[in-house]
Each structure stands twice: as structure tokens, then as C-alpha cells.
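See below for target-v4.txt, which holds compact mmCIF, C-alpha atoms and all ligand atoms.
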```
# COMPACT_ATOMS: atom_id res chain seq x y z
CA MET A 1 -45.15 11.76 -6.80
CA ILE A 2 -46.01 10.03 -3.53
CA LYS A 3 -47.39 12.73 -1.27
CA PHE A 4 -46.59 12.64 2.44
CA LEU A 5 -50.31 12.75 3.22
CA ASP A 6 -53.00 13.02 0.56
CA LEU A 7 -55.87 14.65 2.47
CA LYS A 8 -58.11 14.89 -0.56
CA ALA A 9 -57.83 11.16 -1.22
CA ILE A 10 -58.36 10.41 2.49
CA ASN A 11 -61.59 12.41 2.56
CA ASP A 12 -62.74 11.26 -0.89
CA ALA A 13 -62.86 7.75 0.60
CA PHE A 14 -65.83 8.95 2.71
CA ASP A 15 -67.81 10.16 -0.27
CA PRO A 16 -70.80 10.75 -0.24
CA GLU A 17 -71.25 10.49 3.56
CA LEU A 18 -69.22 13.62 4.31
CA SER A 19 -71.12 15.84 1.91
CA GLN A 20 -74.40 14.39 3.20
CA ALA A 21 -73.37 15.21 6.77
CA VAL A 22 -72.34 18.77 5.86
CA ASN A 23 -75.58 19.24 3.95
CA ARG A 24 -77.66 17.95 6.84
CA VAL A 25 -76.18 20.61 9.13
CA LEU A 26 -76.42 23.30 6.46
CA LYS A 27 -80.11 22.62 5.97
CA SER A 28 -80.84 22.29 9.71
CA GLY A 29 -80.23 25.99 10.35
CA TRP A 30 -78.49 25.14 13.65
CA TYR A 31 -74.69 25.56 13.69
CA LEU A 32 -73.42 25.70 17.29
CA LEU A 33 -74.21 23.97 20.61
CA GLY A 34 -76.63 21.52 19.05
CA GLN A 35 -77.44 17.86 18.60
CA GLU A 36 -74.52 17.01 16.25
CA VAL A 37 -71.95 18.00 18.89
CA LYS A 38 -73.90 16.23 21.63
CA THR A 39 -74.07 13.01 19.60
CA PHE A 40 -70.38 13.12 18.66
CA GLU A 41 -69.36 13.82 22.27
CA GLU A 42 -71.32 10.76 23.42
CA GLU A 43 -69.88 8.55 20.68
CA TYR A 44 -66.32 9.71 21.25
CA ALA A 45 -66.53 9.32 25.05
CA ALA A 46 -67.83 5.77 24.51
CA TYR A 47 -65.05 5.08 22.01
CA ILE A 48 -62.28 6.38 24.28
CA GLY A 49 -63.86 4.87 27.38
CA THR A 50 -64.47 7.92 29.57
CA ARG A 51 -67.61 9.31 31.19
CA HIS A 52 -67.21 12.72 29.57
CA CYS A 53 -66.18 14.28 26.30
CA VAL A 54 -66.28 18.04 25.77
CA GLY A 55 -65.91 19.26 22.19
CA VAL A 56 -63.64 22.30 21.83
CA ALA A 57 -62.22 24.39 18.98
CA ASN A 58 -58.84 22.63 18.58
CA GLY A 59 -56.24 20.48 20.32
CA LEU A 60 -54.27 23.33 21.84
CA ASP A 61 -57.46 24.67 23.44
CA ALA A 62 -58.25 21.21 24.81
CA LEU A 63 -54.95 21.21 26.71
CA ARG A 64 -55.24 24.90 27.70
CA LEU A 65 -58.74 24.32 29.06
CA ILE A 66 -57.72 21.27 31.12
CA LEU A 67 -55.00 23.25 32.88
CA GLY A 68 -57.23 26.33 33.07
CA ALA A 69 -59.94 24.27 34.76
CA TYR A 70 -57.47 22.79 37.25
CA THR A 71 -56.45 26.37 38.08
CA VAL A 72 -60.07 27.51 38.51
CA ILE A 73 -60.82 24.51 40.72
CA GLY A 74 -57.72 25.24 42.82
CA VAL A 75 -55.78 22.07 42.04
CA MET A 76 -53.03 24.17 40.40
CA LYS A 77 -51.83 27.75 40.83
CA GLU A 78 -49.41 30.16 39.19
CA GLY A 79 -45.83 28.89 39.37
CA ASP A 80 -46.72 25.23 39.86
CA GLU A 81 -44.73 22.82 37.77
CA ILE A 82 -45.89 20.41 35.07
CA ILE A 83 -43.52 17.74 33.82
CA VAL A 84 -43.51 17.39 30.03
CA PRO A 85 -41.32 15.64 27.44
CA ALA A 86 -38.65 17.97 26.00
CA ASN A 87 -39.22 16.71 22.43
CA THR A 88 -42.97 17.33 22.20
CA TYR A 89 -44.77 19.54 19.72
CA ILE A 90 -44.80 23.17 20.93
CA ALA A 91 -48.57 23.10 21.69
CA SER A 92 -48.01 21.04 24.85
CA MET A 93 -45.67 23.76 26.19
CA LEU A 94 -47.94 26.64 25.14
CA ALA A 95 -50.88 25.14 27.04
CA ILE A 96 -48.76 25.06 30.20
CA THR A 97 -47.13 28.49 29.99
CA GLU A 98 -50.35 30.21 28.98
CA ASN A 99 -51.81 29.14 32.31
CA ARG A 100 -48.76 30.62 34.12
CA LEU A 101 -47.60 27.14 35.04
CA THR A 102 -43.97 26.12 34.60
CA PRO A 103 -43.03 23.33 32.17
CA VAL A 104 -40.29 21.08 33.53
CA LEU A 105 -38.69 19.40 30.55
CA VAL A 106 -37.71 15.73 30.68
CA GLU A 107 -35.75 13.82 28.05
CA PRO A 108 -37.45 11.09 25.98
CA ASP A 109 -36.30 7.52 25.49
CA ILE A 110 -34.66 7.56 22.07
CA SER A 111 -36.10 4.20 21.04
CA THR A 112 -39.76 5.17 21.64
CA PHE A 113 -39.51 8.99 21.31
CA ASN A 114 -41.78 9.15 24.40
CA ILE A 115 -40.94 10.62 27.82
CA ASP A 116 -38.46 8.44 29.72
CA PRO A 117 -40.48 7.47 32.83
CA PHE A 118 -37.33 6.75 34.80
CA LEU A 119 -36.06 10.32 34.51
CA ILE A 120 -39.23 11.87 35.96
CA GLU A 121 -38.84 11.34 39.71
CA ALA A 122 -35.58 13.31 39.90
CA LYS A 123 -37.45 16.33 38.49
CA ILE A 124 -40.29 16.29 41.03
CA THR A 125 -40.31 19.17 43.53
CA CYS A 126 -42.86 20.43 46.07
CA ARG A 127 -44.35 22.54 43.26
CA THR A 128 -44.94 19.67 40.85
CA LYS A 129 -48.69 19.24 40.26
CA GLY A 130 -48.90 17.27 37.06
CA VAL A 131 -47.28 15.25 34.32
CA MET A 132 -48.30 15.88 30.74
CA ILE A 133 -47.58 12.73 28.78
CA VAL A 134 -47.62 12.99 25.00
CA HIS A 135 -48.44 9.88 22.98
CA LEU A 136 -46.05 11.02 20.29
CA TYR A 137 -46.38 9.72 16.71
CA GLY A 138 -49.34 7.56 17.85
CA GLN A 139 -47.61 5.43 20.47
CA ASN A 140 -48.78 5.09 24.05
CA ALA A 141 -46.54 6.95 26.52
CA MET A 142 -48.26 5.74 29.70
CA HIS A 143 -46.09 3.52 31.88
CA PRO A 144 -46.53 1.85 35.32
CA GLU A 145 -43.75 4.08 36.66
CA ILE A 146 -45.73 7.21 35.75
CA LYS A 147 -48.80 5.81 37.52
CA ARG A 148 -46.67 5.03 40.59
CA LEU A 149 -45.25 8.56 40.71
CA ALA A 150 -48.69 10.16 40.24
CA GLU A 151 -50.01 8.24 43.25
CA LYS A 152 -46.93 8.80 45.39
CA TYR A 153 -46.74 12.58 44.78
CA ASP A 154 -50.45 13.24 44.11
CA LEU A 155 -49.93 14.43 40.53
CA LYS A 156 -52.51 14.87 37.77
CA ILE A 157 -51.72 12.93 34.62
CA ILE A 158 -52.74 14.94 31.57
CA GLU A 159 -52.57 13.11 28.26
CA ASP A 160 -51.78 14.94 25.05
CA ASN A 161 -53.64 12.54 22.77
CA ALA A 162 -53.46 14.77 19.68
CA GLN A 163 -51.54 12.13 17.71
CA ALA A 164 -53.04 8.95 19.14
CA GLN A 165 -56.80 8.62 18.51
CA GLY A 166 -57.52 4.91 18.79
CA CYS A 167 -54.21 3.90 20.36
CA TYR A 168 -54.65 1.43 23.21
CA ASP A 169 -52.80 -0.31 25.99
CA HIS A 170 -54.18 -3.56 27.41
CA ALA A 171 -57.64 -2.85 25.94
CA LYS A 172 -57.82 0.67 27.41
CA ARG A 173 -57.51 3.54 25.00
CA THR A 174 -55.14 6.45 25.40
CA GLY A 175 -57.29 9.39 26.41
CA SER A 176 -58.69 7.30 29.27
CA LEU A 177 -55.40 6.42 31.00
CA GLY A 178 -54.84 9.62 33.00
CA HIS A 179 -57.01 12.23 34.75
CA ALA A 180 -57.83 14.20 31.58
CA ALA A 181 -56.82 14.16 27.94
CA GLY A 182 -56.66 16.68 25.09
CA HIS A 183 -57.46 15.50 21.56
CA SER A 184 -56.89 17.31 18.27
CA PHE A 185 -58.91 16.71 15.13
CA TYR A 186 -56.65 18.88 12.94
CA PRO A 187 -57.19 17.63 9.35
CA GLY A 188 -53.92 15.67 9.25
CA LYS A 189 -54.50 13.73 12.48
CA ASN A 190 -55.71 10.10 12.35
CA LEU A 191 -59.23 11.34 13.09
CA GLY A 192 -59.25 14.62 11.16
CA ALA A 193 -61.98 17.23 10.69
CA LEU A 194 -62.23 19.57 7.69
CA GLY A 195 -60.84 22.46 9.70
CA ASP A 196 -59.94 22.94 13.35
CA ALA A 197 -61.57 20.81 16.04
CA GLY A 198 -60.64 19.20 19.35
CA ALA A 199 -61.98 17.57 22.50
CA VAL A 200 -61.28 16.85 26.14
CA THR A 201 -62.04 13.44 27.65
CA THR A 202 -62.13 12.76 31.39
CA ASN A 203 -63.89 10.78 34.09
CA ASP A 204 -63.81 13.80 36.42
CA ASP A 205 -67.36 15.25 36.65
CA GLN A 206 -66.31 18.59 38.12
CA LEU A 207 -63.45 19.08 35.66
CA SER A 208 -65.73 18.32 32.73
CA THR A 209 -68.36 20.83 33.91
CA VAL A 210 -65.78 23.58 34.42
CA ILE A 211 -64.11 22.93 31.04
CA ARG A 212 -67.46 23.10 29.26
CA ALA A 213 -68.21 26.43 30.95
CA LEU A 214 -64.69 27.85 30.35
CA GLY A 215 -64.94 27.05 26.64
CA ASN A 216 -68.27 28.85 26.45
CA TYR A 217 -67.43 32.31 27.89
CA GLY A 218 -67.22 30.90 31.42
CA SER A 219 -70.94 30.33 31.33
CA LYS A 220 -73.12 27.35 32.24
CA GLN A 221 -76.30 29.30 31.65
CA LYS A 222 -76.68 31.86 28.87
CA TYR A 223 -75.67 35.39 29.97
CA VAL A 224 -74.63 34.19 33.43
CA ASN A 225 -70.82 34.19 33.65
CA GLU A 226 -69.26 32.28 36.49
CA PHE A 227 -65.64 32.31 35.18
CA GLN A 228 -63.49 34.42 32.86
CA GLY A 229 -63.76 31.98 29.99
CA LEU A 230 -63.08 32.00 26.29
CA ASN A 231 -64.88 30.98 23.14
CA SER A 232 -63.66 27.52 22.22
CA ARG A 233 -66.44 25.34 20.89
CA LEU A 234 -66.63 22.44 18.48
CA ASP A 235 -69.09 23.43 15.76
CA GLU A 236 -71.95 21.36 14.37
CA ILE A 237 -70.48 20.83 10.89
CA GLN A 238 -67.15 19.52 12.22
CA ALA A 239 -68.97 17.30 14.73
CA ALA A 240 -71.10 15.77 11.96
CA ILE A 241 -67.96 15.13 9.87
CA LEU A 242 -66.13 13.57 12.82
CA GLY A 243 -69.11 11.31 13.52
CA VAL A 244 -68.83 9.88 10.00
CA LYS A 245 -65.06 9.42 10.19
CA LEU A 246 -65.02 7.93 13.72
CA LYS A 247 -66.85 4.85 12.44
CA ARG A 248 -63.89 3.95 10.26
CA LEU A 249 -61.08 5.01 12.59
CA ASP A 250 -60.21 1.49 13.75
CA SER A 251 -60.06 0.04 10.26
CA ASP A 252 -58.02 3.03 9.04
CA ASN A 253 -55.62 2.57 11.96
CA ASN A 254 -55.34 -1.13 11.09
CA ARG A 255 -54.29 -0.26 7.55
CA ARG A 256 -51.62 2.06 9.01
CA ARG A 257 -50.42 -0.84 11.19
CA GLU A 258 -50.16 -3.03 8.10
CA VAL A 259 -48.03 -0.42 6.34
CA ALA A 260 -45.85 0.04 9.44
CA ARG A 261 -45.36 -3.73 9.75
CA TYR A 262 -44.28 -3.89 6.12
CA TYR A 263 -41.79 -1.04 6.58
CA SER A 264 -40.40 -2.57 9.77
CA ALA A 265 -39.94 -5.99 8.18
CA ASN A 266 -38.57 -4.85 4.84
CA ILE A 267 -36.57 -1.65 5.24
CA LYS A 268 -32.99 -2.83 5.61
CA ASN A 269 -30.28 -0.22 5.47
CA SER A 270 -27.47 0.10 8.00
CA LYS A 271 -27.72 3.89 7.81
CA ILE A 272 -31.36 3.91 8.90
CA ILE A 273 -32.77 3.21 12.36
CA LEU A 274 -36.39 2.07 12.38
CA PRO A 275 -38.93 3.01 15.07
CA GLY A 276 -40.13 0.65 17.76
CA ILE A 277 -37.66 -2.13 17.10
CA PRO A 278 -37.01 -3.93 20.41
CA ASP A 279 -33.47 -3.47 21.57
CA PRO A 280 -31.89 -5.26 24.57
CA ALA A 281 -30.72 -1.90 25.89
CA MET A 282 -34.25 -0.57 25.91
CA LYS A 283 -35.75 0.16 29.28
CA ILE A 284 -39.30 0.37 28.00
CA GLU A 285 -41.30 -2.37 26.37
CA VAL A 286 -42.76 -1.40 23.04
CA PHE A 287 -46.49 -1.39 23.60
CA GLU A 288 -48.94 -2.77 21.13
CA GLY A 289 -51.81 -0.56 20.09
CA HIS A 290 -49.59 1.97 18.27
CA ILE A 291 -51.67 3.76 15.64
CA TRP A 292 -48.74 5.04 13.57
CA HIS A 293 -49.83 8.64 13.15
CA LEU A 294 -46.27 8.99 11.87
CA TYR A 295 -43.63 6.45 10.86
CA VAL A 296 -40.43 8.12 11.99
CA ILE A 297 -37.01 6.82 11.02
CA ARG A 298 -33.66 8.14 12.17
CA THR A 299 -30.43 8.64 10.27
CA ALA A 300 -27.27 10.64 10.82
CA GLU A 301 -27.64 11.87 7.21
CA ARG A 302 -31.19 13.13 7.51
CA ASP A 303 -31.06 16.10 5.13
CA ARG A 304 -29.25 14.07 2.44
CA LEU A 305 -31.75 11.23 2.75
CA GLN A 306 -34.68 13.63 2.51
CA GLU A 307 -33.23 15.16 -0.66
CA TYR A 308 -32.57 11.71 -2.15
CA LEU A 309 -36.18 10.65 -1.51
CA ALA A 310 -37.49 13.91 -2.99
CA GLU A 311 -35.51 13.16 -6.19
CA LYS A 312 -37.25 9.79 -6.29
CA GLY A 313 -40.64 11.51 -5.99
CA ILE A 314 -41.23 10.62 -2.34
CA GLN A 315 -42.33 13.45 -0.07
CA THR A 316 -41.17 13.33 3.57
CA LEU A 317 -41.49 15.70 6.54
CA ILE A 318 -39.58 16.38 9.75
CA HIS A 319 -41.42 16.14 13.08
CA TYR A 320 -39.89 18.37 14.32
CA PRO A 321 -36.87 20.34 13.09
CA ILE A 322 -36.42 22.59 16.18
CA PRO A 323 -37.02 21.43 19.78
CA PRO A 324 -39.15 23.72 22.00
CA HIS A 325 -36.16 24.70 24.17
CA LYS A 326 -34.35 26.08 21.10
CA GLN A 327 -37.30 28.19 19.91
CA SER A 328 -37.20 31.99 20.23
CA ALA A 329 -40.66 31.77 21.83
CA TYR A 330 -38.86 30.45 24.94
CA PRO A 331 -35.61 32.47 25.14
CA ASP A 332 -34.99 31.46 28.78
CA TRP A 333 -34.56 27.84 27.70
CA ASN A 334 -32.25 28.44 24.75
CA SER A 335 -29.08 27.73 26.73
CA LEU A 336 -30.42 24.50 28.26
CA SER A 337 -29.07 21.22 27.01
CA PHE A 338 -31.17 18.14 26.22
CA PRO A 339 -28.81 15.93 24.19
CA ILE A 340 -31.31 13.14 23.40
CA THR A 341 -33.98 15.60 22.33
CA GLU A 342 -31.46 17.51 20.19
CA LYS A 343 -30.24 14.30 18.57
CA ILE A 344 -33.83 13.34 17.74
CA HIS A 345 -34.50 16.70 16.14
CA ARG A 346 -31.30 16.38 14.06
CA GLU A 347 -31.97 12.81 12.88
CA VAL A 348 -35.70 12.17 12.45
CA LEU A 349 -37.51 11.85 9.14
CA SER A 350 -41.18 10.92 8.70
CA ILE A 351 -41.92 8.77 5.65
CA PRO A 352 -45.41 8.52 4.12
CA ILE A 353 -47.98 6.49 6.03
CA SER A 354 -51.77 6.72 5.75
CA PRO A 355 -54.82 4.49 5.33
CA ILE A 356 -54.96 5.19 1.58
CA LEU A 357 -51.31 4.49 0.76
CA LYS A 358 -51.23 1.70 -1.86
CA ASP A 359 -49.18 -1.49 -1.52
CA GLU A 360 -47.24 -0.52 -4.62
CA GLU A 361 -46.33 2.86 -3.09
CA VAL A 362 -45.26 1.24 0.18
CA CYS A 363 -43.05 -1.08 -1.86
CA ARG A 364 -41.54 1.80 -3.88
CA ILE A 365 -40.73 3.74 -0.71
CA THR A 366 -39.12 0.65 0.85
CA GLU A 367 -37.03 -0.06 -2.26
CA ALA A 368 -35.87 3.55 -2.42
CA LEU A 369 -34.75 3.43 1.22
CA ASN A 370 -32.97 0.10 0.73
CA ALA A 371 -31.15 1.42 -2.33
CA TYR A 372 -29.92 4.54 -0.53
C1 LIG B 1 -51.58 18.63 16.68
C2 LIG B 1 -51.04 18.64 18.05
C3 LIG B 1 -51.53 19.53 19.04
C4 LIG B 1 -52.43 20.67 18.75
O1 LIG B 1 -53.58 20.41 18.08
P1 LIG B 1 -54.30 21.57 17.23
O2 LIG B 1 -55.65 20.99 16.96
O3 LIG B 1 -53.49 21.81 16.01
O4 LIG B 1 -54.38 22.78 18.10
C5 LIG B 1 -51.08 19.37 20.33
N1 LIG B 1 -50.17 18.44 20.67
C6 LIG B 1 -49.64 17.60 19.74
C7 LIG B 1 -48.64 16.59 20.17
C8 LIG B 1 -50.04 17.69 18.41
O5 LIG B 1 -49.50 16.87 17.50
```

Show the structure stored in the file as C-alpha cells.
Ligand SMILES: *Cc1c(COP(=O)(O)O)cnc(C)c1O
Amino acid sequence: MIKFLDLKAINDAFDPELSQAVNRVLKSGWYLLGQEVKTFEEEYAAYIGTRHCVGVANGLDALRLILGAYTVIGVMKEGDEIIVPANTYIASMLAITENRLTPVLVEPDISTFNIDPFLIEAKITCRTKGVMIVHLYGQNAMHPEIKRLAEKYDLKIIEDNAQAQGCYDHAKRTGSLGHAAGHSFYPGKNLGALGDAGAVTTNDDQLSTVIRALGNYGSKQKYVNEFQGLNSRLDEIQAAILGVKLKRLDSDNNRRREVARYYSANIKNSKIILPGIPDPAMKIEVFEGHIWHLYVIRTAERDRLQEYLAEKGIQTLIHYPIPPHKQSAYPDWNSLSFPITEKIHREVLSIPISPILKDEEVCRITEALNAY
């Protein structure tokens, strides 16, 4: 069987460096707020291209803490609006609503799956304080139009970079393109820990200081609590693991690009729409620098295709089956209509892609799709 993502094989490729890193921390006797985290934060900030990186417990917390810090600083307040793509993973929404801010959902462009920059301005009101762009599936969502709107209306651009570690646009990496970015190192992400982990990157000194305090009980100095914070820290073992894996992130992403290029050149089936194929009707150029966290195809017969591939021993997943506005977690949105988002959720299927996928497997998957 070809697994969708073989995490054991991915991490085995780092043997014995990962076990050495874990052992080093184990034997050090120091497990939180230590040198491993400090070193990883410095390396990751340098990699992304920002002045600051703050390690946190997971990707959702990274986004929660950014908006929490903007609230503490007074840039945002209860009831303010944050523009967000309607087809994002639920975490982006949860980070906004948890801070008593209001998500304003905007449809994506169906050819890129990213927020349609030209639908944003119509949704801006006097309460709009930010735009959360999500680099979905590993593709940059930043666009000159979004920059223009942020300047014109004084909006904060918050990047959800959970799926796009290493993605770049004109030599600048996602995570450095807005005012602050949340990163997830969930095991299945392109840079994955062996458990939960996340980070915030930013060039904003004040924001970085407040986020670090908020994630550590609201405290800059032990037992002195300036804010009502929470406990959301990156731990030493995960930081040591991430330090090992960061060194190979670019080459791993390049292997994903190779697989994606092969799929895009060789999958030929009139029932299947491939991602990122330039189309004259497209309003957005397809940016280079895509890191292919997911290779997402579309078909009107999604469930049948998924079953067919399963019979051929090819595991696929759906990212995501239910859009946020149709979830019972957000009953007030259930009657809203976002036709492009709904179409995406009905039609998408993610086929296997990873740095350890073999040429022969890529070929088998392609042949199966062509024979469908
Ligand atoms: C994974 C993910 C998150 C959340 O990250 P966790 O580390 O699982 O909390 C947020 N946004 C997007 C788009 C994601 O894919």
C-alpha cells in the first residue's frame, strides 16, 4: 500500500541525528526555557528572514497569541473584524473567535485555493483591523493587492504559515511577508516535530516581547505577571528535533517540487483538474516557491475516485471535507453561502506527496489516475 504520508519513514531518514538530539536533551536535565529553544528560535528566524521567532506549543497557539498580543497592545479590541479565507482549516477561525474578534469570510480563487485578493476590499468596514492570509497547501497567498489594502486601510497582515515552511516569493519567505506569522510544526507538516510545536515570527519588537510573555503565564520575569497569559511554550526536546530537521527542509521541499512537477506533467485525465495549472481566466499568477505541503486535485466524482484509488492500494485524504461555515462549532454561519468554498470542499482530493515518496510510487499513482 502507498500510504498518504509515512511519518516513520520520514523520521527514519534522520537516523541517528534525531535520537542523538533527544538523548542530548534527556541527559542535560534541562527541559523547558533553555538553550535548545533559544538556538532553534535564532536559526528559524534567520531561515524565515525575521528579527524575531518565539517558540510556542503549537500552530493554533501561535495564531491565538498574535491576536492576543495585538489586543493587549491595543491595536485590536473585542468586535473588531479580521478578514480570512472561507476555505481555511478551522484553526485560523478559532484563533480569531477565541480573542473575541469577528472573522469576515472571503471566498478563495478556485485555481489557487488561496484567498481571492480582489474580493477583499468590498468586505472592509470601519471595524476591520487585519487580514489573516493562509498559505494553503504550501502556496504563497500574499499578493500586491493585499499589501495595497493593508496600507490604505491600516490593516495588520497575519500569515497562517502552518502549511508553508520554506515557501518563498521573490526570495522572501512566507512568514516574513506580513506583520506577524504563525507556524505549526505538527508532525505531518513539512517541518514536523515529534509531537506538538509551533512558532511566531515577526519583525515587530513589541509584539514579540508581548507574545513571549503571554505564552509564559503573562510573565517576563519569574513570578511577576504583567498580563493574563497562558502556558504555551516550545519544549527543549521538540526544539532540538526541529533544529536537526530544519537543516534538510529545503532539500526535502525540493523533492516535493520534483514529485509535483511529475504529477503536473503526467497526470492526464479529463475528469481531473490539477492544481496550479495556469489558466487564461485566472486573475492571479501562480507564484513559484510553492512547497507542496499537499498536492490537491479536483474532480466532480471525488468519493468514487477516492474509493478507486483505495482499491489500487493508494491512500488519499480530503483537506477538508466540511468548510468552517458549515461546522456546528459556528452555528451562526451555517446558513451563509460560499459557493466556491463549498465546491472546493465537495471536489478536492489530496494524493500522496512527501520527500520520501519513491519514483516508482509516483509513477504508479500517476498511472492509476490516468487509467481512471
Ligand atoms: C496545522 C494547521 C494549523 C494548526 O496547527 P497545530 O500545530 O495543529 O495547532 C493552523 N492553520 C493551518 C492552515 C494548519 O494547516

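What separates atom CA of Ala69 of chain A from atom CA of Asn114 of chain A is a distance of 25.8 Å.
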
Using only C-alpha atoms and all ligand atoms, find each residue with an atom at most 10 Å away from ligand LIG 1 (chain B) and format the answer as a ChimeraX atom specification. /A:56-64,87-95,133-138,159-164,182-189,192-193,195-199,293,319

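Taking atom CA of Phe14 of chain A as the reference point, atom CA of Gly34 of chain A is found at 23.3 Å.
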
Given only C-alpha atoms as the counted atoms, nearest of A:Glu121, A:Glu151, A:Asp250, A:Glu360 to Tyr262 of chain A: A:Glu360

Select, from A:Pro323, A:Gly166, A:Pro355, A:Gly215, the residue with the minimum atom-to-atom distance to Ala13 of chain A, counting only C-alpha atoms. A:Pro355

Using only C-alpha atoms - which residues lie no farther than 12 Å from the point (-29.5, 15.6, 11.5) in the file's frame? Write them as a tab-separated table (two decimals) with C-alpha atoms, in the frame of the given file.
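Output file part-v3.tsv follows:
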```
chain	number	residue	atom	x	y	z
A	297	ILE	CA	-37.01	6.82	11.02
A	298	ARG	CA	-33.66	8.14	12.17
A	299	THR	CA	-30.43	8.64	10.27
A	300	ALA	CA	-27.27	10.64	10.82
A	301	GLU	CA	-27.64	11.87	7.21
A	302	ARG	CA	-31.19	13.13	7.51
A	303	ASP	CA	-31.06	16.10	5.13
A	304	ARG	CA	-29.25	14.07	2.44
A	305	LEU	CA	-31.75	11.23	2.75
A	306	GLN	CA	-34.68	13.63	2.51
A	318	ILE	CA	-39.58	16.38	9.75
A	320	TYR	CA	-39.89	18.37	14.32
A	321	PRO	CA	-36.87	20.34	13.09
A	322	ILE	CA	-36.42	22.59	16.18
A	341	THR	CA	-33.98	15.60	22.33
A	342	GLU	CA	-31.46	17.51	20.19
A	343	LYS	CA	-30.24	14.30	18.57
A	344	ILE	CA	-33.83	13.34	17.74
A	345	HIS	CA	-34.50	16.70	16.14
A	346	ARG	CA	-31.30	16.38	14.06
A	347	GLU	CA	-31.97	12.81	12.88
A	348	VAL	CA	-35.70	12.17	12.45
A	349	LEU	CA	-37.51	11.85	9.14
```

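Straight-line separation from atom CA of Ala180 of chain A to atom CA of Ile158 of chain A: 5.1 Å.
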
Coordinates of box centre and edge lengths for segment 1-4 of chain A, 3 Å on every side, axis-aligned, as lines of an AutoDock Vina configuration file:
```
center_x = -46.3
center_y = 11.4
center_z = -2.2
size_x = 8.2
size_y = 8.7
size_z = 15.2
```

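Using only C-alpha atoms, the smallest distance between any of A:Val72, A:Val200, A:Ala310, A:Leu32 and Glu226 of chain A comes from A:Val72.
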
Pick out the closest residue to Asn266 of chain A from this set: A:Cys363, A:Val224, A:Leu294, A:Ala141. Count all atoms listed in the file. A:Cys363

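Contact shell of Pro117 of chain A at 12 Å (all atoms listed in the file; same-chain neighbours under 6 positions omitted): Ile83, Val84, Pro85, Val106, Glu107, Pro108, Asp109, Lys123, Val131, Met132, Ile133, Val134, Ala141, Met142, His143, Pro144, Glu145, Ile146, Lys147, Arg148, Leu149, Ala150, Lys283, Ile284 and Glu285 of chain A.
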
So that I can see what lies close to Glu43 of chain A, please list as number ranges by chain the residues with an atom at most 10 Å from it, counting only C-alpha atoms and leaving out residues fewer than 5 positions away in the same chain. A: 37-38, 48-49, 53, 243, 246-247
